[in-house]
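Peer 1: Got a file for you: upload10.txt, compact mmCIF, C-alpha atoms.
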```txt
# COMPACT_ATOMS: atom_id res chain seq x y z
CA MET A 1 -68.27 16.38 17.67
CA ARG A 2 -69.46 13.51 15.52
CA LEU A 3 -71.27 14.09 12.22
CA GLN A 4 -74.49 12.54 13.58
CA ASP A 5 -74.48 14.96 16.53
CA LEU A 6 -74.38 18.20 14.50
CA SER A 7 -78.10 18.44 13.78
CA ALA A 8 -79.10 17.91 17.40
CA ALA A 9 -76.52 20.41 18.61
CA LEU A 10 -77.76 23.04 16.16
CA ASN A 11 -81.35 22.42 17.23
CA GLU A 12 -80.29 22.95 20.83
CA LEU A 13 -78.66 26.26 19.96
CA ASP A 14 -81.87 27.31 18.21
CA ALA A 15 -84.01 26.33 21.21
CA ASN A 16 -81.73 28.40 23.46
CA HIS A 17 -81.94 31.46 21.17
CA ARG A 18 -78.25 31.16 20.29
CA LEU A 19 -78.32 29.95 16.70
CA ARG A 20 -76.52 32.43 14.49
CA ARG A 21 -77.31 33.08 10.84
CA ARG A 22 -75.58 35.34 8.37
CA ALA A 23 -77.34 38.24 6.67
CA THR A 24 -76.33 38.97 3.08
CA LEU A 25 -75.39 42.58 2.44
CA GLU A 26 -76.36 43.75 -1.06
CA SER A 27 -74.88 47.24 -0.87
CA PRO A 28 -71.51 48.78 -0.01
CA GLN A 29 -70.76 49.15 3.67
CA GLY A 30 -72.23 52.32 5.13
CA VAL A 31 -75.05 53.80 7.17
CA ASP A 32 -77.71 53.09 4.54
CA ILE A 33 -77.58 49.42 3.63
CA VAL A 34 -79.61 46.81 1.78
CA ILE A 35 -79.91 43.33 3.24
CA GLU A 36 -81.82 40.66 1.36
CA GLY A 37 -83.74 43.23 -0.65
CA GLN A 38 -84.71 45.46 2.30
CA SER A 39 -83.27 48.89 3.14
CA TYR A 40 -82.10 49.60 6.67
CA LEU A 41 -80.35 52.26 8.69
CA SER A 42 -77.36 50.40 10.09
CA PHE A 43 -75.99 50.78 13.59
CA ALA A 44 -74.02 47.54 13.37
CA SER A 45 -70.83 48.33 11.47
CA ASN A 46 -67.34 49.06 12.83
CA ASP A 47 -66.77 51.50 9.96
CA TYR A 48 -66.55 54.29 12.53
CA LEU A 49 -65.20 57.04 10.27
CA GLY A 50 -67.28 56.06 7.25
CA LEU A 51 -64.22 55.28 5.12
CA ALA A 52 -65.14 51.80 3.84
CA ASP A 53 -66.77 53.26 0.73
CA HIS A 54 -64.81 56.52 0.57
CA PRO A 55 -64.09 57.45 -3.08
CA ALA A 56 -60.40 58.12 -2.41
CA LEU A 57 -59.96 54.74 -0.77
CA VAL A 58 -61.85 52.98 -3.58
CA ARG A 59 -59.57 54.65 -6.13
CA ALA A 60 -56.47 53.69 -4.16
CA LEU A 61 -57.56 50.05 -4.21
CA GLN A 62 -58.30 50.17 -7.92
CA GLN A 63 -54.89 51.68 -8.63
CA GLY A 64 -53.30 49.08 -6.38
CA VAL A 65 -54.88 46.25 -8.37
CA GLU A 66 -53.74 47.80 -11.64
CA ARG A 67 -50.17 48.05 -10.33
CA TRP A 68 -49.87 44.87 -8.27
CA GLY A 69 -52.55 42.48 -9.53
CA ALA A 70 -55.14 40.62 -7.48
CA GLY A 71 -53.20 38.40 -5.08
CA SER A 72 -49.83 38.19 -3.37
CA GLY A 73 -49.29 34.54 -4.28
CA ALA A 74 -47.04 33.60 -1.36
CA SER A 75 -46.16 34.26 2.26
CA HIS A 76 -44.10 37.29 3.23
CA LEU A 77 -41.00 35.11 3.63
CA LEU A 78 -41.20 33.69 0.10
CA THR A 79 -42.21 36.12 -2.65
CA GLY A 80 -45.33 37.63 -1.07
CA HIS A 81 -43.73 40.68 0.52
CA SER A 82 -44.08 43.43 -2.07
CA GLU A 83 -42.90 47.00 -2.12
CA ALA A 84 -46.51 47.92 -1.38
CA HIS A 85 -46.40 45.92 1.86
CA GLN A 86 -43.06 47.44 2.83
CA ARG A 87 -44.26 51.00 2.24
CA ALA A 88 -47.45 50.35 4.19
CA GLU A 89 -45.54 48.97 7.16
CA GLU A 90 -43.19 51.93 7.21
CA ALA A 91 -46.13 54.36 7.00
CA LEU A 92 -47.99 52.58 9.82
CA ALA A 93 -44.92 52.64 12.07
CA ARG A 94 -44.50 56.38 11.51
CA PHE A 95 -48.20 56.99 12.07
CA VAL A 96 -48.25 55.38 15.52
CA GLY A 97 -44.75 56.52 16.46
CA ARG A 98 -43.01 53.15 16.67
CA GLU A 99 -39.80 51.84 15.12
CA ALA A 100 -41.40 49.13 13.01
CA ALA A 101 -44.69 47.56 12.02
CA LEU A 102 -45.77 44.26 10.47
CA LEU A 103 -48.91 43.62 8.42
CA PHE A 104 -51.19 40.67 9.18
CA GLY A 105 -54.24 39.31 7.40
CA SER A 106 -56.43 39.90 10.48
CA GLY A 107 -56.33 41.03 14.06
CA TYR A 108 -56.98 37.43 15.06
CA ALA A 109 -53.80 36.32 13.27
CA ALA A 110 -51.82 39.18 14.80
CA ASN A 111 -52.94 38.31 18.33
CA LEU A 112 -52.03 34.67 17.92
CA ALA A 113 -48.62 35.52 16.45
CA VAL A 114 -47.59 37.95 19.17
CA ILE A 115 -48.74 36.03 22.22
CA THR A 116 -47.61 32.56 21.14
CA SER A 117 -44.18 33.81 20.03
CA LEU A 118 -43.42 35.71 23.25
CA VAL A 119 -44.66 33.36 25.98
CA GLY A 120 -44.61 29.58 26.40
CA ARG A 121 -44.71 26.80 28.99
CA ASP A 122 -42.54 28.46 31.65
CA ASP A 123 -44.17 31.86 31.24
CA ALA A 124 -47.40 33.56 32.29
CA VAL A 125 -49.97 35.69 30.53
CA PHE A 126 -52.44 37.93 32.36
CA ALA A 127 -55.63 38.82 30.52
CA ASP A 128 -58.63 40.99 31.29
CA LYS A 129 -61.84 38.98 31.80
CA LEU A 130 -63.58 40.85 28.96
CA ASN A 131 -60.83 40.45 26.37
CA HIS A 132 -61.72 39.59 22.80
CA ALA A 133 -61.84 35.88 21.96
CA SER A 134 -58.77 36.16 19.73
CA LEU A 135 -56.66 37.34 22.68
CA ASN A 136 -57.96 34.46 24.79
CA ASP A 137 -57.20 31.97 22.04
CA GLY A 138 -53.66 33.31 21.75
CA CYS A 139 -53.22 32.90 25.50
CA LEU A 140 -54.51 29.32 25.42
CA LEU A 141 -52.41 28.31 22.42
CA SER A 142 -49.26 29.77 23.98
CA ARG A 143 -49.35 27.05 26.69
CA ALA A 144 -48.27 29.68 29.20
CA ASP A 145 -49.90 29.94 32.62
CA PHE A 146 -53.11 31.75 31.62
CA GLN A 147 -54.47 33.98 34.40
CA ARG A 148 -57.49 36.23 33.97
CA PHE A 149 -58.03 39.31 36.13
CA ARG A 150 -61.31 41.03 36.89
CA HIS A 151 -62.27 43.63 34.30
CA ASN A 152 -60.10 46.74 34.64
CA ASP A 153 -59.22 45.68 38.21
CA LEU A 154 -55.61 46.84 38.65
CA GLU A 155 -55.40 45.62 42.24
CA HIS A 156 -56.35 42.09 41.19
CA LEU A 157 -53.86 42.18 38.31
CA GLU A 158 -51.06 43.33 40.61
CA GLN A 159 -51.79 40.51 43.03
CA LEU A 160 -51.44 37.99 40.20
CA LEU A 161 -48.25 39.59 38.88
CA ALA A 162 -46.66 39.72 42.32
CA ALA A 163 -47.41 36.05 42.99
CA SER A 164 -46.09 34.85 39.63
CA ARG A 165 -42.66 33.28 39.32
CA ALA A 166 -42.82 32.98 35.54
CA CYS A 167 -39.73 33.69 33.44
CA THR A 168 -41.61 35.99 31.05
CA LYS A 169 -44.83 37.82 31.86
CA LEU A 170 -47.25 39.37 29.37
CA ILE A 171 -50.32 41.50 30.11
CA ALA A 172 -52.92 41.38 27.32
CA VAL A 173 -55.84 43.83 27.08
CA ASP A 174 -58.25 45.44 24.67
CA ALA A 175 -57.75 49.18 24.61
CA VAL A 176 -61.46 49.70 23.87
CA TYR A 177 -63.69 46.77 24.77
CA SER A 178 -65.69 45.75 21.74
CA MET A 179 -68.94 44.82 23.47
CA ASP A 180 -69.11 47.61 26.07
CA GLY A 181 -67.15 50.50 24.59
CA ASP A 182 -65.28 51.20 27.83
CA GLU A 183 -61.51 51.62 27.90
CA ALA A 184 -58.56 49.97 29.57
CA PRO A 185 -56.51 52.13 32.00
CA LEU A 186 -53.44 51.96 29.78
CA PRO A 187 -51.09 54.30 31.73
CA ALA A 188 -51.62 52.33 34.94
CA LEU A 189 -51.26 49.02 33.08
CA LEU A 190 -47.97 50.15 31.58
CA ALA A 191 -46.78 51.19 35.05
CA LEU A 192 -47.53 47.67 36.30
CA ALA A 193 -45.72 46.17 33.32
CA GLU A 194 -42.66 48.27 34.15
CA ARG A 195 -42.82 47.35 37.84
CA TYR A 196 -43.11 43.61 37.24
CA ASP A 197 -40.87 43.30 34.17
CA ALA A 198 -43.73 42.35 31.84
CA TRP A 199 -44.80 43.03 28.28
CA LEU A 200 -48.00 45.03 27.77
CA TYR A 201 -49.84 43.90 24.65
CA VAL A 202 -52.62 46.26 23.56
CA ASP A 203 -55.30 45.29 21.04
CA ASP A 204 -56.58 48.65 19.80
CA ALA A 205 -58.98 47.36 17.16
CA HIS A 206 -61.70 49.82 18.23
CA GLY A 207 -59.51 52.78 19.21
CA PHE A 208 -57.32 53.15 16.13
CA GLY A 209 -58.63 55.91 13.88
CA VAL A 210 -60.93 57.20 16.62
CA LEU A 211 -58.80 58.11 19.65
CA GLY A 212 -55.53 60.01 19.92
CA GLY A 213 -56.23 62.15 16.86
CA GLY A 214 -56.72 58.91 14.95
CA ARG A 215 -53.40 57.45 16.04
CA GLY A 216 -55.05 55.29 18.66
CA SER A 217 -55.33 54.69 22.38
CA ALA A 218 -51.60 54.71 23.13
CA ALA A 219 -51.30 58.13 21.48
CA GLU A 220 -54.37 59.30 23.41
CA HIS A 221 -52.39 58.77 26.62
CA GLY A 222 -48.98 59.72 25.24
CA LEU A 223 -47.53 56.28 25.97
CA ALA A 224 -44.15 55.20 24.62
CA SER A 225 -42.24 52.19 25.87
CA GLU A 226 -40.41 49.23 24.38
CA ARG A 227 -42.54 47.07 26.67
CA LEU A 228 -45.72 48.24 24.96
CA ILE A 229 -46.70 46.20 21.89
CA TYR A 230 -49.42 47.84 19.84
CA MET A 231 -51.87 46.07 17.53
CA ALA A 232 -54.65 47.66 15.50
CA THR A 233 -56.94 46.40 12.79
CA LEU A 234 -57.41 48.03 9.39
CA GLY A 235 -60.95 46.74 8.78
CA LYS A 236 -62.76 49.06 11.17
CA ALA A 237 -62.09 52.82 11.29
CA ALA A 238 -59.39 52.49 8.61
CA GLY A 239 -61.94 51.20 6.08
CA LEU A 240 -59.79 48.39 4.64
CA ALA A 241 -58.90 44.90 5.92
CA GLY A 242 -56.11 43.25 7.87
CA ALA A 243 -54.13 44.40 10.87
CA PHE A 244 -50.69 45.50 11.99
CA VAL A 245 -48.44 45.09 14.99
CA ALA A 246 -46.12 47.95 15.91
CA GLY A 247 -43.18 48.03 18.28
CA SER A 248 -39.40 47.93 18.31
CA ARG A 249 -37.33 46.68 15.37
CA LEU A 250 -36.21 43.76 17.50
CA LEU A 251 -39.82 42.77 18.13
CA ALA A 252 -40.65 42.96 14.42
CA GLU A 253 -37.67 40.80 13.54
CA TRP A 254 -38.68 38.26 16.18
CA LEU A 255 -42.23 38.06 14.80
CA VAL A 256 -40.92 37.57 11.26
CA ASN A 257 -38.96 34.59 12.57
CA ARG A 258 -41.30 33.15 15.19
CA GLY A 259 -44.82 34.47 14.55
CA ARG A 260 -46.51 31.35 13.18
CA THR A 261 -49.52 33.07 11.63
CA TYR A 262 -47.14 35.49 9.92
CA ILE A 263 -44.74 32.81 8.66
CA PHE A 264 -47.36 30.32 7.48
CA SER A 265 -49.97 32.63 5.91
CA THR A 266 -50.11 34.02 2.41
CA ALA A 267 -49.55 37.77 2.52
CA GLN A 268 -52.64 39.93 2.14
CA PRO A 269 -53.24 41.25 -1.41
CA PRO A 270 -50.71 43.99 -2.18
CA ALA A 271 -53.52 46.21 -3.49
CA LEU A 272 -54.84 46.42 0.08
CA ALA A 273 -51.40 47.38 1.34
CA ALA A 274 -51.11 49.98 -1.42
CA ALA A 275 -54.26 51.68 -0.10
CA VAL A 276 -52.98 51.96 3.48
CA GLU A 277 -51.25 55.31 2.97
CA THR A 278 -54.48 56.79 1.59
CA SER A 279 -56.37 55.44 4.58
CA LEU A 280 -53.85 56.98 6.99
CA ARG A 281 -54.15 60.33 5.22
CA LEU A 282 -57.95 60.23 5.54
CA ILE A 283 -57.64 59.29 9.21
CA ALA A 284 -55.17 62.13 9.86
CA GLU A 285 -57.52 64.57 8.12
CA GLY A 286 -60.56 63.18 9.95
CA ASP A 287 -60.88 65.52 12.91
CA ASP A 288 -64.35 66.59 11.76
CA ARG A 289 -65.42 62.95 11.58
CA ARG A 290 -64.06 62.24 15.04
CA GLU A 291 -65.83 65.31 16.38
CA ARG A 292 -69.13 64.03 14.96
CA LEU A 293 -68.49 60.70 16.69
CA ARG A 294 -67.83 62.49 19.99
CA GLN A 295 -71.06 64.44 19.62
CA LEU A 296 -73.07 61.32 18.83
CA ALA A 297 -71.61 59.45 21.81
CA ALA A 298 -72.38 62.44 24.04
CA ARG A 299 -75.93 62.43 22.69
CA CYS A 300 -76.25 58.78 23.68
CA ARG A 301 -75.06 59.48 27.19
CA GLU A 302 -77.46 62.42 27.48
CA ARG A 303 -80.48 60.48 26.22
CA LEU A 304 -79.74 57.38 28.30
CA ALA A 305 -79.09 59.27 31.54
CA GLY A 306 -81.58 58.27 34.21
CA THR A 307 -82.49 55.00 32.48
CA HIS A 308 -81.32 51.49 33.32
CA PHE A 309 -79.14 51.67 30.18
CA ALA A 310 -77.10 54.58 31.54
CA ASP A 311 -74.32 52.62 33.28
CA ARG A 312 -72.95 51.28 29.97
CA ALA A 313 -72.95 54.56 28.01
CA SER A 314 -69.40 55.28 26.80
CA ARG A 315 -67.43 58.07 25.13
CA THR A 316 -66.52 55.74 22.26
CA PRO A 317 -68.59 54.77 19.20
CA ILE A 318 -69.70 51.55 20.96
CA GLN A 319 -72.84 51.81 23.07
CA ALA A 320 -74.12 48.68 24.84
CA ILE A 321 -77.86 48.41 25.47
CA ILE A 322 -78.13 45.52 27.92
CA MET A 323 -81.28 43.39 27.54
CA GLY A 324 -80.33 40.46 29.76
CA GLU A 325 -82.07 37.39 28.42
CA ASP A 326 -81.18 36.16 24.94
CA ALA A 327 -84.81 35.92 23.84
CA HIS A 328 -85.51 39.50 24.93
CA ALA A 329 -82.52 40.82 22.98
CA ILE A 330 -83.65 38.95 19.87
CA ARG A 331 -87.20 40.30 20.17
CA GLN A 332 -85.96 43.87 20.50
CA ALA A 333 -83.59 43.49 17.54
CA GLU A 334 -86.48 42.16 15.45
CA ARG A 335 -88.70 45.04 16.55
CA LEU A 336 -86.06 47.54 15.45
CA LYS A 337 -85.59 45.67 12.19
CA GLN A 338 -89.30 46.02 11.43
CA GLN A 339 -88.88 49.77 11.93
CA GLY A 340 -85.95 49.89 9.48
CA PHE A 341 -83.01 49.77 11.93
CA TRP A 342 -80.31 47.10 11.70
CA VAL A 343 -79.01 46.51 15.24
CA PRO A 344 -78.36 42.78 15.72
CA ALA A 345 -78.60 41.09 19.10
CA ILE A 346 -75.30 40.05 20.71
CA ARG A 347 -75.56 36.92 22.84
CA PRO A 348 -73.28 34.58 24.80
CA PRO A 349 -70.61 33.35 24.35
CA THR A 350 -69.69 36.69 22.74
CA VAL A 351 -70.81 38.38 25.97
CA PRO A 352 -71.20 37.00 29.52
CA GLU A 353 -74.28 35.02 30.51
CA ASN A 354 -77.42 37.07 31.18
CA SER A 355 -75.96 40.13 29.45
CA ALA A 356 -77.36 39.75 25.92
CA ARG A 357 -77.51 43.17 24.34
CA LEU A 358 -78.04 45.42 21.40
CA ARG A 359 -74.68 46.87 20.44
CA ILE A 360 -75.03 50.31 18.86
CA SER A 361 -72.06 51.14 16.65
CA LEU A 362 -71.89 54.82 15.78
CA SER A 363 -70.49 56.17 12.53
CA ALA A 364 -69.42 59.66 11.56
CA GLN A 365 -71.98 59.28 8.76
CA HIS A 366 -74.91 59.06 11.17
CA GLU A 367 -77.09 62.13 11.55
CA PRO A 368 -78.17 63.14 15.07
CA ALA A 369 -81.83 62.78 14.03
CA GLN A 370 -81.17 59.18 12.98
CA LEU A 371 -79.64 58.37 16.35
CA ASP A 372 -82.52 60.08 18.14
CA ALA A 373 -85.03 58.01 16.18
CA LEU A 374 -83.28 54.81 17.24
CA LEU A 375 -83.01 55.90 20.88
CA ASP A 376 -86.70 56.87 20.89
CA LEU A 377 -87.61 53.30 19.96
CA LEU A 378 -85.24 51.82 22.53
CA LEU A 379 -86.50 54.02 25.34
CA GLN A 380 -90.12 53.22 24.46
CA ALA A 381 -89.27 49.56 25.09
CA GLN A 382 -88.36 50.24 28.72
CA ASP A 383 -91.53 52.19 29.47
```
Let me see the file written as structure tokens.

Peer 2:
Amino acid sequence: MRLQDLSAALNELDANHRLRRRATLESPQGVDIVIEGQSYLSFASNDYLGLADHPALVRALQQGVERWGAGSGASHLLTGHSEAHQRAEEALARFVGREAALLFGSGYAANLAVITSLVGRDDAVFADKLNHASLNDGCLLSRADFQRFRHNDLEHLEQLLAASRACTKLIAVDAVYSMDGDEAPLPALLALAERYDAWLYVDDAHGFGVLGGGRGSAAEHGLASERLIYMATLGKAAGLAGAFVAGSRLLAEWLVNRGRTYIFSTAQPPALAAAVETSLRLIAEGDDRRERLRQLAARCRERLAGTHFADRASRTPIQAIIMGEDAHAIRQAERLKQQGFWVPAIRPPTVPENSARLRISLSAQHEPAQLDALLDLLLQAQD
């Protein structure tokens, strides 16, 4: 796009109710937040366990800075790979029951590294229609034959796999879908991967810390296979930042040598890595927090039953309240904001056309009465 076209393009986005603006947070992440001088009850954060401002995690970061300084200064393959990174990777691998793990600066970087290093021009990648944008970008950049199957439609996926003559096949899915909160059928997907000699790559950004006793969606289903590549982010339920990929030692070595976003990125600050073991301890000890999340999700399902919002209610912390038109979603978000609730509108291209929504993100720090107050306002809107 040319410089002279930017203003007109932005005006068009605004006219179509799709112009995005950032809100400036003036408080630590949590349920009670301050944005631009106003206090809100937030249902917009992915801090599912409420660990982002946990005192133990804050202390671990402070101690990490005192020991390791502020930055890593280089990529992992130069001098950026510290003992703190190594210990974190070993702890993460143990935690999810895999041979090895690698740290990345973000889930986006991890997805690009894995997909583009494992498949190329003579290969094929099969992706769920509702996958996160970072998975789709990894598929596109790989230059492999990129085939998308209908959401959670195993029959459609098998048809595509059976018809493919690619040298290497890779199935890519979200374990928990970030805009709907529903889950991928991982055991059946792994069975298809075994049957058709394919990799199964699982992005568990929204399941890690929440499902499987905190160890994630693969642990929830008791899955273990060298074909299964597991990725989770550390900036959501884990309360930190970054991501990791876990799998076999051979896979980890391959990514160190061929994962472009790993090779060509400065390593994340070692202080963050030094706090990972504390985060994993809090996650492991977080059964009470996960139980509160389960109860809140159940409360959502109960309150939404019999309404036109009921079909999207999930057992995860993500609850999608479909509004349809972009303008309607924006109006409802503004109405909630005026009542002290921060629940931003989610619009295309983040979600499919005509499915703009309010995305409720539950936290273990939410009180049932707070959730009920929000749901009361939402249900009044449909009357």

Peer 1: Do you know which residues lie at most 12 Å from (-63.0, 59.7, 11.3), with coordinates as in the file and only C-alpha atoms counted, and could you write them as a compact mmCIF listing (two decimals) with C-alpha atoms, in the frame of the given file?

Peer 2:
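That gives us result00.txt:
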```txt
# COMPACT_ATOMS: atom_id res chain seq x y z
CA ASN A 46 -67.34 49.06 12.83
CA ASP A 47 -66.77 51.50 9.96
CA TYR A 48 -66.55 54.29 12.53
CA LEU A 49 -65.20 57.04 10.27
CA GLY A 50 -67.28 56.06 7.25
CA LEU A 51 -64.22 55.28 5.12
CA ALA A 52 -65.14 51.80 3.84
CA HIS A 54 -64.81 56.52 0.57
CA GLY A 207 -59.51 52.78 19.21
CA PHE A 208 -57.32 53.15 16.13
CA GLY A 209 -58.63 55.91 13.88
CA VAL A 210 -60.93 57.20 16.62
CA LEU A 211 -58.80 58.11 19.65
CA GLY A 212 -55.53 60.01 19.92
CA GLY A 213 -56.23 62.15 16.86
CA GLY A 214 -56.72 58.91 14.95
CA ARG A 215 -53.40 57.45 16.04
CA GLY A 216 -55.05 55.29 18.66
CA LYS A 236 -62.76 49.06 11.17
CA ALA A 237 -62.09 52.82 11.29
CA ALA A 238 -59.39 52.49 8.61
CA GLY A 239 -61.94 51.20 6.08
CA SER A 279 -56.37 55.44 4.58
CA LEU A 280 -53.85 56.98 6.99
CA ARG A 281 -54.15 60.33 5.22
CA LEU A 282 -57.95 60.23 5.54
CA ILE A 283 -57.64 59.29 9.21
CA ALA A 284 -55.17 62.13 9.86
CA GLU A 285 -57.52 64.57 8.12
CA GLY A 286 -60.56 63.18 9.95
CA ASP A 287 -60.88 65.52 12.91
CA ASP A 288 -64.35 66.59 11.76
CA ARG A 289 -65.42 62.95 11.58
CA ARG A 290 -64.06 62.24 15.04
CA GLU A 291 -65.83 65.31 16.38
CA ARG A 292 -69.13 64.03 14.96
CA LEU A 293 -68.49 60.70 16.69
CA ARG A 294 -67.83 62.49 19.99
CA PRO A 317 -68.59 54.77 19.20
CA LEU A 362 -71.89 54.82 15.78
CA SER A 363 -70.49 56.17 12.53
CA ALA A 364 -69.42 59.66 11.56
CA GLN A 365 -71.98 59.28 8.76
CA HIS A 366 -74.91 59.06 11.17
```

Peer 1: Distance cut-off 12 Å, centre (-52.4, 25.2, 26.0) in file coordinates, counting all atoms listed in the file: which residues qualify? Return them as a list of chain:residue names.

Peer 2: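 The requested residues, written out, are A:Thr116, A:Val119, A:Gly120, A:Arg121, A:Asp122, A:Asp123, A:Ala124, A:Val125, A:Asn136, A:Asp137, A:Gly138, A:Cys139, A:Leu140, A:Leu141, A:Ser142, A:Arg143, A:Ala144, A:Asp145, A:Phe146.
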
Peer 1: From the options A:Arg249, A:Arg303, A:Arg315, A:Arg67, which residue's atoms come nearest to Asp376 in chain A, counting all atoms listed in the file?

Peer 2: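 With all atoms listed in the file as the atom set, the closest residue is A:Arg303.
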
Peer 1: Find the residue from A:Leu250, A:Leu61, A:Leu200, A:Leu130 that sits nearest to Ala100 in chain A; use all atoms listed in the file when measuring.

Peer 2: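 Using all atoms listed in the file, Ala100 in chain A sits closest to A:Leu250.
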
Peer 1: Check the smallest atom-to-atom distance from each of A:Arg301, A:Arg359, A:Arg260, A:Arg195 to Ser45 in chain A using all atoms listed in the file, then report the winner.

Peer 2: A:Arg359

Peer 1: For range 119-134 of chain A, take all atoms listed in the file, fit an axis-aligned box around them, add 3 Å to each of the six sides, then output centre and edge lengths in Å rounded to one decimal, as JSON.

Peer 2:
```
{"center_x": -53.1, "center_y": 33.9, "center_z": 26.0, "size_x": 27.0, "size_y": 20.2, "size_z": 18.6}
```

Peer 1: Applying 12 Å and all atoms listed in the file, which residues near Ser314 in chain A remain after dropping the ones on its own chain fewer than 3 positions away? List them as a ChimeraX atom specification.

Peer 2: /A:176-183,293-302,304-305,309-311,317-321,359-362

Peer 1: Which of these, A:Ala109, A:Ala184, A:Val31, A:Ala369, has the shortest distance to Glu220 in chain A once you count all atoms listed in the file?

Peer 2: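 When distances to Glu220 in chain A are compared using all atoms listed in the file, the smallest one comes from A:Ala184.
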
Peer 1: Residues within 9 Å of range 151-159 of chain A, please, as an MDAnalysis selection string. Count only C-alpha atoms; anything in the same chain fewer than 6 positions from it doesn't count.

Peer 2: chainID A and resid 126:131 171 183:185 188:189 192 196

Peer 1: Rounded to one decimal, what separation in Å do you get between CA of Thr316 in chain A and CA of Gly235 in chain A?

Peer 2: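 Interatomic distance, CA of Thr316 in chain A to CA of Gly235 in chain A: 17.1 Å.
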
Peer 1: Go through A:Thr233, A:Ala219, A:Asn111, A:Glu89 and flag the residue nearest Val173 in chain A, using all atoms listed in the file for the distances.

Peer 2: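 Of all the options, A:Asn111 lies closest to Val173 in chain A.
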
Peer 1: Which residue out of A:Val276, A:Leu251, A:Ala345, A:Val114 has the minimum interatomic distance to Gln86 in chain A when all atoms listed in the file are used?

Peer 2: A:Val276

Peer 1: Neighbours of range 348-353 of chain A within 9 Å (all atoms listed in the file; same-chain residues fewer than 4 positions away dropped), as a ChimeraX atom specification?

Peer 2: /A:18,130,132-133,179,324-326,357

Peer 1: Counting all atoms listed in the file, what is within 12 Å of Gln332 in chain A, bar same-chain residues fewer than 4 positions away, as a PDB file with C-alpha atoms, keeping the file's coordinate frame?

Peer 2:
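After the write, part.pdb holds the following:
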```
ATOM      1  CA  ILE A 321     -77.860  48.410  25.470  1.00  0.00           C
ATOM      2  CA  ILE A 322     -78.130  45.520  27.920  1.00  0.00           C
ATOM      3  CA  MET A 323     -81.280  43.390  27.540  1.00  0.00           C
ATOM      4  CA  GLY A 324     -80.330  40.460  29.760  1.00  0.00           C
ATOM      5  CA  GLU A 325     -82.070  37.390  28.420  1.00  0.00           C
ATOM      6  CA  ASP A 326     -81.180  36.160  24.940  1.00  0.00           C
ATOM      7  CA  ALA A 327     -84.810  35.920  23.840  1.00  0.00           C
ATOM      8  CA  HIS A 328     -85.510  39.500  24.930  1.00  0.00           C
ATOM      9  CA  LEU A 336     -86.060  47.540  15.450  1.00  0.00           C
ATOM     10  CA  LYS A 337     -85.590  45.670  12.190  1.00  0.00           C
ATOM     11  CA  GLN A 338     -89.300  46.020  11.430  1.00  0.00           C
ATOM     12  CA  GLN A 339     -88.880  49.770  11.930  1.00  0.00           C
ATOM     13  CA  PHE A 341     -83.010  49.770  11.930  1.00  0.00           C
ATOM     14  CA  TRP A 342     -80.310  47.100  11.700  1.00  0.00           C
ATOM     15  CA  VAL A 343     -79.010  46.510  15.240  1.00  0.00           C
ATOM     16  CA  PRO A 344     -78.360  42.780  15.720  1.00  0.00           C
ATOM     17  CA  ALA A 345     -78.600  41.090  19.100  1.00  0.00           C
ATOM     18  CA  ILE A 346     -75.300  40.050  20.710  1.00  0.00           C
ATOM     19  CA  ALA A 356     -77.360  39.750  25.920  1.00  0.00           C
ATOM     20  CA  ARG A 357     -77.510  43.170  24.340  1.00  0.00           C
ATOM     21  CA  LEU A 358     -78.040  45.420  21.400  1.00  0.00           C
ATOM     22  CA  ARG A 359     -74.680  46.870  20.440  1.00  0.00           C
ATOM     23  CA  LEU A 374     -83.280  54.810  17.240  1.00  0.00           C
ATOM     24  CA  LEU A 377     -87.610  53.300  19.960  1.00  0.00           C
ATOM     25  CA  LEU A 378     -85.240  51.820  22.530  1.00  0.00           C
ATOM     26  CA  LEU A 379     -86.500  54.020  25.340  1.00  0.00           C
ATOM     27  CA  GLN A 380     -90.120  53.220  24.460  1.00  0.00           C
ATOM     28  CA  ALA A 381     -89.270  49.560  25.090  1.00  0.00           C
ATOM     29  CA  GLN A 382     -88.360  50.240  28.720  1.00  0.00           C
TER      30      GLN A 382
END
```

Peer 1: How many Å separate CA of Glu83 in chain A from CA of Gly64 in chain A?

Peer 2: 11.4 Å

Peer 1: For a test of reading the model, state the distance in Å between CA of Gly247 in chain A and CA of Ala271 in chain A, rounded to one decimal.

Peer 2: 24.2 Å

Peer 1: Skip Ser265 in chain A itself and residues of its chain fewer than 2 positions away, then list as a list in words all residues within 12 Å of it, counting only C-alpha atoms.

Peer 2: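 After dropping sequence-adjacent residues, the list is Ser72, Gly73, Ala74, Ser75, His76, Leu77, Leu78, Gly80, His81, Leu103, Phe104, Gly105, Ser106, Ala109, Ala110, Ala113, Val256, Gly259, Arg260, Thr261, Tyr262, Ile263, Ala267, Gln268 and Pro269 of chain A.
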